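Chemist: mmCIF, C-alpha atoms, saved as structure.cif, coming up:
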```
data_protein
#
loop_
_atom_site.label_atom_id
_atom_site.label_comp_id
_atom_site.auth_asym_id
_atom_site.auth_seq_id
_atom_site.Cartn_x
_atom_site.Cartn_y
_atom_site.Cartn_z
CA MET G 15 66.71 69.91 89.02
CA GLN G 16 67.64 70.26 85.37
CA LEU G 17 65.97 67.77 83.04
CA ARG G 18 66.43 67.18 79.32
CA PRO G 19 63.23 67.31 77.24
CA ASP G 20 63.77 63.75 76.01
CA ALA G 21 63.88 62.50 79.62
CA LEU G 22 60.58 64.09 80.61
CA ASP G 23 58.28 61.14 79.80
CA ALA G 24 60.34 58.74 81.91
CA HIS G 25 60.30 61.25 84.78
CA LEU G 26 56.53 61.78 84.58
CA ALA G 27 55.92 58.04 84.58
CA LYS G 28 57.61 57.81 88.00
CA THR G 29 56.72 60.99 89.85
CA LEU G 30 55.33 64.51 89.69
CA SER G 31 57.30 67.51 90.87
CA PRO G 32 55.47 70.43 92.52
CA ILE G 33 57.03 72.90 90.04
CA TYR G 34 58.01 72.64 86.36
CA THR G 35 59.86 75.59 84.85
CA ILE G 36 59.94 75.38 81.07
CA TYR G 37 61.81 78.01 79.09
CA GLY G 38 62.83 78.64 75.48
CA ASP G 39 61.86 80.56 72.36
CA GLU G 40 60.57 77.59 70.33
CA SER G 41 56.87 78.04 71.06
CA LEU G 42 55.79 74.72 69.52
CA LEU G 43 58.21 72.66 71.63
CA VAL G 44 57.45 74.67 74.77
CA GLN G 45 53.71 74.11 74.30
CA GLU G 46 54.16 70.39 73.62
CA THR G 47 56.24 70.07 76.79
CA VAL G 48 53.58 71.90 78.80
CA ASP G 49 50.91 69.61 77.33
CA ARG G 50 52.82 66.52 78.47
CA VAL G 51 53.14 67.85 82.03
CA ARG G 52 49.50 68.95 82.05
CA ALA G 53 48.30 65.51 80.93
CA ALA G 54 50.35 63.80 83.64
CA ALA G 55 48.99 66.25 86.23
CA ARG G 56 45.41 65.55 85.16
CA ALA G 57 46.04 61.82 85.44
CA GLY G 58 47.52 62.44 88.89
CA GLY G 59 44.34 64.06 90.17
CA PHE G 60 45.09 67.75 89.59
CA THR G 61 41.63 68.53 88.23
CA GLU G 62 41.33 72.23 89.11
CA ARG G 63 43.31 74.63 86.91
CA ASP G 64 44.25 78.32 87.20
CA VAL G 65 46.00 80.16 84.36
CA LEU G 66 47.92 83.36 85.21
CA SER G 67 49.55 85.50 82.53
CA VAL G 68 52.05 88.13 83.67
CA GLU G 69 51.37 91.44 81.97
CA ARG G 70 52.61 94.92 82.85
CA SER G 71 49.97 95.50 85.56
CA PHE G 72 49.98 91.93 86.90
CA ASP G 73 49.26 91.59 90.61
CA TRP G 74 51.70 89.04 92.00
CA GLY G 75 49.38 88.53 94.93
CA ALA G 76 47.26 86.45 92.55
CA LEU G 77 49.96 83.77 92.55
CA ALA G 78 49.92 83.52 96.33
CA ASN G 79 46.10 83.41 96.36
CA ALA G 80 46.02 80.68 93.72
CA GLY G 81 48.46 78.58 95.71
CA GLN G 82 46.47 78.91 98.94
CA SER G 83 42.84 78.71 97.79
CA MET G 84 41.42 75.23 97.31
CA SER G 85 38.06 74.19 95.93
CA LEU G 86 35.16 73.11 98.14
CA PHE G 87 35.76 69.53 97.05
CA GLY G 88 39.42 69.58 97.99
CA ASP G 89 40.63 68.96 94.44
CA ARG G 90 44.34 69.20 93.77
CA LYS G 91 45.21 72.27 91.74
CA LEU G 92 47.30 72.96 88.64
CA ILE G 93 48.62 76.52 88.25
CA GLU G 94 49.99 77.65 84.89
CA LEU G 95 52.04 80.81 85.24
CA ARG G 96 53.05 82.37 81.93
CA ILE G 97 55.78 85.03 81.92
CA PRO G 98 56.18 85.99 78.23
CA GLY G 99 58.58 88.85 78.99
CA GLY G 100 60.95 86.59 80.91
CA LYS G 101 61.58 89.21 83.63
CA PRO G 102 59.34 89.02 86.69
CA GLY G 103 60.92 92.08 88.26
CA LYS G 104 61.63 92.63 91.94
CA ASP G 105 58.10 91.90 93.18
CA GLY G 106 57.74 88.93 90.86
CA GLY G 107 61.09 87.51 91.90
CA ALA G 108 60.08 87.69 95.56
CA ALA G 109 56.68 86.12 94.79
CA LEU G 110 58.29 83.25 92.86
CA LYS G 111 60.74 82.56 95.70
CA ALA G 112 57.89 82.52 98.21
CA HIS G 113 55.80 80.26 95.98
CA ALA G 114 58.69 77.83 95.58
CA GLY G 115 59.29 77.84 99.33
CA ALA G 116 55.63 76.95 99.98
CA ALA G 117 55.55 74.09 97.44
CA ASN G 118 53.34 71.16 98.46
CA SER G 119 51.89 67.99 96.97
CA ASP G 120 48.40 69.47 96.43
CA VAL G 121 49.50 72.23 94.04
CA LEU G 122 51.46 71.68 90.84
CA THR G 123 52.81 74.76 89.08
CA ILE G 124 54.00 75.07 85.48
CA VAL G 125 56.04 78.24 84.84
CA THR G 126 56.73 79.10 81.19
CA LEU G 127 59.31 81.65 80.09
CA PRO G 128 61.14 82.60 76.88
CA ARG G 129 64.85 81.95 76.39
CA LEU G 130 66.78 83.20 79.42
CA ASP G 131 70.27 84.65 79.61
CA ALA G 132 72.91 83.62 82.14
CA THR G 133 71.94 86.43 84.52
CA ALA G 134 68.34 85.22 84.71
CA THR G 135 69.27 81.57 85.24
CA LYS G 136 71.52 82.56 88.14
CA SER G 137 68.90 84.78 89.80
CA ASP G 138 67.47 83.94 93.22
CA TRP G 139 63.97 83.31 91.88
CA PHE G 140 65.13 80.92 89.15
CA THR G 141 67.42 79.11 91.59
CA ALA G 142 64.49 78.66 93.97
CA LEU G 143 62.27 77.23 91.23
CA ASP G 144 65.05 74.86 90.15
CA ARG G 145 65.75 73.75 93.71
CA GLU G 146 62.13 72.91 94.51
CA GLY G 147 61.15 71.49 91.13
CA VAL G 148 62.23 70.58 87.61
CA THR G 149 63.60 73.00 85.01
CA ILE G 150 63.54 72.15 81.31
CA LYS G 151 65.41 74.20 78.73
CA ILE G 152 63.94 74.02 75.24
CA ASP G 153 66.65 74.55 72.63
CA PRO G 154 65.76 75.58 69.08
CA VAL G 155 66.06 73.02 66.28
CA ASP G 156 68.93 74.37 64.19
CA ARG G 157 69.21 73.84 60.45
CA GLY G 158 71.64 70.95 60.80
CA ARG G 159 69.25 68.95 63.01
CA LEU G 160 66.08 69.86 61.14
CA PRO G 161 66.04 66.89 58.69
CA ASP G 162 66.38 64.41 61.59
CA TRP G 163 63.64 66.24 63.51
CA ILE G 164 61.36 65.97 60.47
CA ALA G 165 62.14 62.25 60.12
CA GLN G 166 61.22 61.68 63.78
CA ARG G 167 57.93 63.52 63.36
CA LEU G 168 57.10 61.51 60.26
CA ALA G 169 57.90 58.27 62.09
CA ALA G 170 55.57 59.26 64.93
CA GLN G 171 52.67 59.32 62.45
CA GLY G 172 53.71 56.10 60.72
CA GLN G 173 55.49 57.61 57.73
CA ARG G 174 59.09 57.50 56.58
CA VAL G 175 61.39 58.28 53.69
CA ASP G 176 63.48 55.83 51.69
CA ALA G 177 66.96 54.98 52.91
CA GLY G 178 70.03 56.58 51.40
CA GLU G 179 70.22 59.53 49.06
CA PRO G 180 66.55 59.47 47.92
CA GLY G 181 65.39 59.80 51.53
CA ARG G 182 67.91 62.53 52.33
CA ARG G 183 66.68 64.43 49.28
CA VAL G 184 63.09 64.33 50.59
CA LEU G 185 64.11 65.49 54.08
CA GLN G 186 66.31 68.28 52.71
CA PHE G 187 63.46 69.45 50.48
CA ILE G 188 61.08 69.68 53.44
CA ALA G 189 63.74 71.37 55.59
CA ASP G 190 64.39 74.00 52.91
CA ARG G 191 60.68 74.83 52.81
CA VAL G 192 60.05 75.05 56.55
CA GLU G 193 63.35 76.40 57.93
CA GLY G 194 62.90 78.93 60.70
CA ASN G 195 59.18 78.22 61.16
CA LEU G 196 58.83 75.13 63.35
CA LEU G 197 55.12 75.56 64.00
CA ALA G 198 54.42 75.66 60.26
CA ALA G 199 56.78 72.69 59.83
CA HIS G 200 54.67 70.72 62.31
CA GLN G 201 51.53 71.63 60.37
CA GLU G 202 53.05 70.60 57.03
CA ILE G 203 54.11 67.25 58.49
CA GLN G 204 50.60 66.72 59.85
CA LYS G 205 49.27 67.52 56.38
CA LEU G 206 51.39 64.73 54.91
CA GLY G 207 49.82 62.39 57.46
CA LEU G 208 46.35 63.37 56.30
CA LEU G 209 47.09 63.20 52.58
CA TYR G 210 49.07 59.96 52.38
CA PRO G 211 48.89 56.55 54.09
CA SER G 212 51.50 55.05 56.38
CA GLY G 213 54.75 53.95 54.78
CA ALA G 214 57.39 55.55 52.58
CA LEU G 215 56.80 58.99 51.06
CA ALA G 216 57.92 59.61 47.48
CA PHE G 217 59.65 62.86 46.58
CA GLU G 218 56.84 63.74 44.16
CA GLN G 219 54.24 63.40 46.93
CA VAL G 220 56.19 65.69 49.25
CA GLN G 221 56.91 68.18 46.48
CA ASP G 222 53.19 68.46 45.66
CA ALA G 223 52.06 68.80 49.27
CA VAL G 224 54.59 70.84 51.28
CA MET G 225 54.22 74.59 51.00
CA ASN G 226 57.11 77.03 51.20
CA VAL G 227 56.59 78.40 54.73
CA ALA G 228 60.24 79.08 55.61
CA ARG G 229 61.03 82.16 57.68
CA TYR G 230 64.58 83.47 57.71
CA ASP G 231 66.54 85.18 60.44
CA VAL G 232 69.11 87.71 59.27
CA PHE G 233 71.50 86.55 61.98
CA LYS G 234 71.33 82.97 60.64
CA LEU G 235 72.53 84.24 57.27
CA SER G 236 76.11 84.18 58.51
CA GLU G 237 75.84 80.41 59.09
CA ALA G 238 75.24 79.83 55.38
CA VAL G 239 78.04 82.24 54.43
CA LEU G 240 80.63 80.76 56.79
CA ALA G 241 79.68 77.20 55.85
CA GLY G 242 80.04 77.98 52.14
CA ASP G 243 76.46 76.78 51.57
CA VAL G 244 75.70 78.73 48.40
CA ALA G 245 72.23 77.28 47.82
CA ARG G 246 71.11 78.21 51.33
CA LEU G 247 72.72 81.65 51.03
CA VAL G 248 70.76 82.42 47.85
CA ARG G 249 67.55 81.04 49.35
CA MET G 250 67.91 83.06 52.55
CA LEU G 251 68.68 86.32 50.76
CA ASP G 252 65.65 85.83 48.52
CA GLY G 253 63.53 85.02 51.56
CA LEU G 254 64.72 88.01 53.59
CA ARG G 255 64.10 90.29 50.65
CA GLY G 256 60.61 88.85 50.13
CA GLU G 257 59.79 89.29 53.82
CA GLY G 258 60.71 92.98 53.61
CA GLU G 259 63.82 92.82 55.78
CA ALA G 260 65.80 96.06 55.82
CA ALA G 261 68.79 95.93 53.45
CA PRO G 262 71.06 97.92 55.85
CA LEU G 263 70.53 95.29 58.58
CA VAL G 264 71.36 92.42 56.21
CA LEU G 265 74.46 94.25 54.98
CA TRP G 266 75.55 94.95 58.56
CA ALA G 267 75.29 91.22 59.42
CA LEU G 268 77.37 90.24 56.39
CA THR G 269 79.93 92.99 56.99
CA GLU G 270 80.42 91.93 60.62
CA GLU G 271 81.34 88.45 59.43
CA VAL G 272 83.81 89.92 56.91
CA ARG G 273 85.50 92.01 59.61
CA THR G 274 85.67 89.17 62.13
CA LEU G 275 86.99 86.75 59.53
CA ALA G 276 89.63 89.27 58.41
CA LYS G 277 90.83 89.78 61.99
CA ILE G 278 91.04 86.05 62.62
CA THR G 279 92.93 85.28 59.41
CA ARG G 280 95.40 88.10 60.13
CA GLY G 281 95.93 86.70 63.61
CA MET G 282 96.47 83.20 62.24
CA ALA G 283 99.02 84.56 59.75
CA SER G 284 100.95 86.13 62.63
CA GLY G 285 101.13 82.78 64.41
CA LYS G 286 98.35 83.06 66.99
CA PRO G 287 96.38 79.87 67.74
CA LEU G 288 92.88 79.77 66.26
CA ALA G 289 91.29 78.87 69.60
CA MET G 290 92.75 82.02 71.18
CA LEU G 291 91.53 84.17 68.31
CA LEU G 292 87.99 82.74 68.50
CA ARG G 293 87.81 83.62 72.20
CA GLU G 294 89.31 87.06 71.60
CA TYR G 295 86.70 87.95 68.98
CA ARG G 296 83.83 86.35 70.91
CA VAL G 297 83.03 83.54 68.50
CA TRP G 298 81.12 80.90 70.47
CA GLY G 299 79.20 77.69 69.99
CA PRO G 300 78.46 76.37 66.48
CA ARG G 301 80.04 79.48 64.93
CA GLU G 302 83.48 78.29 66.07
CA ARG G 303 83.48 75.36 63.64
CA LEU G 304 81.97 77.45 60.85
CA MET G 305 84.47 80.26 61.35
CA GLU G 306 87.33 77.75 61.23
CA GLN G 307 86.01 76.37 57.93
CA ALA G 308 85.75 79.86 56.46
CA ALA G 309 89.20 80.91 57.70
CA ASN G 310 90.75 77.91 55.96
CA ARG G 311 88.76 78.50 52.77
CA VAL G 312 88.81 82.25 52.07
CA THR G 313 92.05 83.82 50.85
CA PRO G 314 93.39 87.21 52.07
CA ALA G 315 92.80 88.59 48.56
CA LYS G 316 89.12 87.54 48.71
CA LEU G 317 88.72 89.13 52.13
CA ALA G 318 90.27 92.40 50.94
CA GLN G 319 87.91 92.36 47.96
CA ALA G 320 84.97 91.64 50.28
CA LEU G 321 85.85 94.55 52.57
CA GLN G 322 86.02 96.92 49.59
CA LEU G 323 82.71 95.64 48.26
CA ALA G 324 81.08 96.00 51.69
CA ALA G 325 82.25 99.62 51.90
CA ARG G 326 80.75 100.43 48.49
CA LEU G 327 77.51 98.66 49.37
CA ASP G 328 77.32 100.70 52.56
CA ARG G 329 77.34 103.86 50.46
CA GLN G 330 74.72 102.41 48.13
CA VAL G 331 72.20 101.45 50.82
CA LYS G 332 72.58 104.96 52.27
CA GLY G 333 71.59 106.45 48.92
CA LEU G 334 75.08 107.64 47.99
CA ARG G 335 76.82 107.05 44.68
CA ALA G 336 78.76 103.80 44.45
CA ASP G 337 80.24 102.93 41.07
CA GLY G 338 80.68 99.40 39.79
CA LEU G 339 77.73 97.87 41.66
CA PRO G 340 74.46 96.34 40.50
CA GLY G 341 71.54 98.71 40.58
CA ASP G 342 69.87 96.67 43.33
CA PRO G 343 71.83 96.42 46.62
CA TRP G 344 70.43 92.90 47.17
CA ASP G 345 72.36 91.75 44.11
CA GLY G 346 75.48 93.35 45.56
CA MET G 347 74.93 91.60 48.89
CA LEU G 348 74.67 88.31 47.02
CA GLN G 349 78.08 89.06 45.47
CA LEU G 350 79.45 89.76 48.95
CA GLY G 351 78.05 86.52 50.32
CA LEU G 352 79.44 84.51 47.41
CA LEU G 353 82.91 85.95 47.98
CA LEU G 354 82.87 84.68 51.57
CA ALA G 355 81.31 81.38 50.56
CA GLY G 356 84.23 80.75 48.24
CA GLU G 357 82.29 81.10 45.00
CA ARG G 358 83.17 83.42 42.15
CA PRO G 359 80.49 86.12 42.22
CA PRO G 360 78.63 87.04 39.07
CA MET G 361 79.77 90.19 37.30
CA ALA G 362 77.89 93.28 38.39
CA ARG G 363 75.32 94.34 35.84
CA SER G 364 76.69 97.86 35.70
CA ALA G 365 80.17 96.51 34.99
CA ARG G 366 79.19 94.25 32.14
CA ALA G 367 80.04 95.21 28.62
CA PRO G 368 77.06 96.73 26.78
CA ARG G 369 75.28 94.33 24.50
CA ARG G 370 75.66 95.06 20.82
CA VAL G 371 72.39 95.88 19.12
CA PRO G 372 72.24 95.01 15.43
CA ALA G 373 71.84 98.02 13.18
#
```
Now that the file is in, can you turn its structure into structure tokens?

Modeler:
Amino acid sequence: MQLRPDALDAHLAKTLSPIYTIYGDESLLVQETVDRVRAAARAGGFTERDVLSVERSFDWGALANAGQSMSLFGDRKLIELRIPGGKPGKDGGAALKAHAGAANSDVLTIVTLPRLDATATKSDWFTALDREGVTIKIDPVDRGRLPDWIAQRLAAQGQRVDAGEPGRRVLQFIADRVEGNLLAAHQEIQKLGLLYPSGALAFEQVQDAVMNVARYDVFKLSEAVLAGDVARLVRMLDGLRGEGEAAPLVLWALTEEVRTLAKITRGMASGKPLAMLLREYRVWGPRERLMEQAANRVTPAKLAQALQLAARLDRQVKGLRADGLPGDPWDGMLQLGLLLAGERPPMARSARAPRRVPA
């Protein structure tokens, strides 16, 4: 049975399932979900606990043994099975199916996995776990939902921000500093709870307390570019550079967006519906809306200029000569991003007129 994370508390207040399968890449939210199930299990009399972690040489017979062996005092047992790789393999799949088939009220099992693809969620072992228990998918908190998530966390510890623009400014400031690092975001919010009393937080208080712990994903860079969010684009490029991300990978991500956007705009100009073009070029989910925004914002001339700039940058990052570019390829990639974001890029340093030096 599929269950939303926000419905878990109501479910646990009524009943306990023999199996809970919790999966997703957001480690903080996965762990918090496991903690809630574990606390309910403890309250329900599951006092004995076995923890099994699936490594390369894991013996799947240990799962069967854990499910069958009971303590001398007949305590109910909690089994936590952690599969960090997300792929139990043939033997593991068979063991999970058998374990699900033998589910009973004296053993409660929590299975944790990373984000799973469609193939995994349709597998026999996952279907068996879902049929005999509860499955909970933990989605990441994307940048658009991050300010609301922060506000909810602040409210849980008795703190809030002012209504209107001042409050939004505080939440955006925190979001900018913790983006891509939810565990650190949780810690920074807890810090605010320790430093300041309940009630409204002033911008100055947050500015003094919250560290810059953001971590940036190169594949999220396209979101800022397509949305035309120049401030986030600049911040992410600076962050990726500071984290030592490879320039060729960043350029590849930007160039892919240029190519896709060029194909879609050409298709639109020939009369094809946008929805058909998005499917044809495999643009799914939140990127659909962002790609539509970009397609309506960027002119064919800007796209042609962006393609030419991307080609010259490709030569530069490979160590070849590329005239008319800044000396640092990161500056050139900023120009490329600004072209797609709809901003006029700054003039390349090498193309600027030499400054006159007084005699």

Chemist: If I take atom CA of Arg255 of chain G and atom CA of Arg191 of chain G, how far is one from the other in Å, to one decimal?

Modeler: 16.0 Å

Chemist: Any chance you could work out the residue set of the PyMOL selection byres ((chain G and resi 116) around 12) here, as JSON, numbers by chain?

Modeler: {"G": [32, 33, 77, 78, 81, 82, 109, 110, 111, 112, 113, 114, 115, 117, 118, 119, 120, 121, 122, 123, 142, 143, 146, 147]}

Chemist: What residues come out when you apply the PyMOL selection byres ((chain G and resi 185) around 10) to this file, written as a list in words?

Modeler: Leu160, Pro161, Asp162, Trp163, Ile164, Ala165, Arg174, Val175, Asp176, Glu179, Pro180, Gly181, Arg182, Arg183, Val184, Gln186, Phe187, Ile188, Ala189, Asp190, Phe217 and Val220 of chain G

Chemist: Let me know the residues the PyMOL selection byres ((chain G and resi 49) around 12) catches in the file above, as a tab-separated table (two decimals) with C-alpha atoms, in the frame of the given file.

Modeler:
```
chain	number	residue	atom	x	y	z
G	22	LEU	CA	60.58	64.09	80.61
G	23	ASP	CA	58.28	61.14	79.80
G	34	TYR	CA	58.01	72.64	86.36
G	36	ILE	CA	59.94	75.38	81.07
G	42	LEU	CA	55.79	74.72	69.52
G	43	LEU	CA	58.21	72.66	71.63
G	44	VAL	CA	57.45	74.67	74.77
G	45	GLN	CA	53.71	74.11	74.30
G	46	GLU	CA	54.16	70.39	73.62
G	47	THR	CA	56.24	70.07	76.79
G	48	VAL	CA	53.58	71.90	78.80
G	50	ARG	CA	52.82	66.52	78.47
G	51	VAL	CA	53.14	67.85	82.03
G	52	ARG	CA	49.50	68.95	82.05
G	53	ALA	CA	48.30	65.51	80.93
G	54	ALA	CA	50.35	63.80	83.64
G	55	ALA	CA	48.99	66.25	86.23
G	56	ARG	CA	45.41	65.55	85.16
G	94	GLU	CA	49.99	77.65	84.89
G	124	ILE	CA	54.00	75.07	85.48
G	126	THR	CA	56.73	79.10	81.19
```

Chemist: Excluding Leu240 of chain G and its own-chain neighbours fewer than 4 positions away, which residues fall within 7 Å of it when counting only C-alpha atoms? Please give them as a list in words.

Modeler: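 Answer for this query is Ser236, Leu304, Met305, Ala308, Leu354 and Ala355 of chain G.
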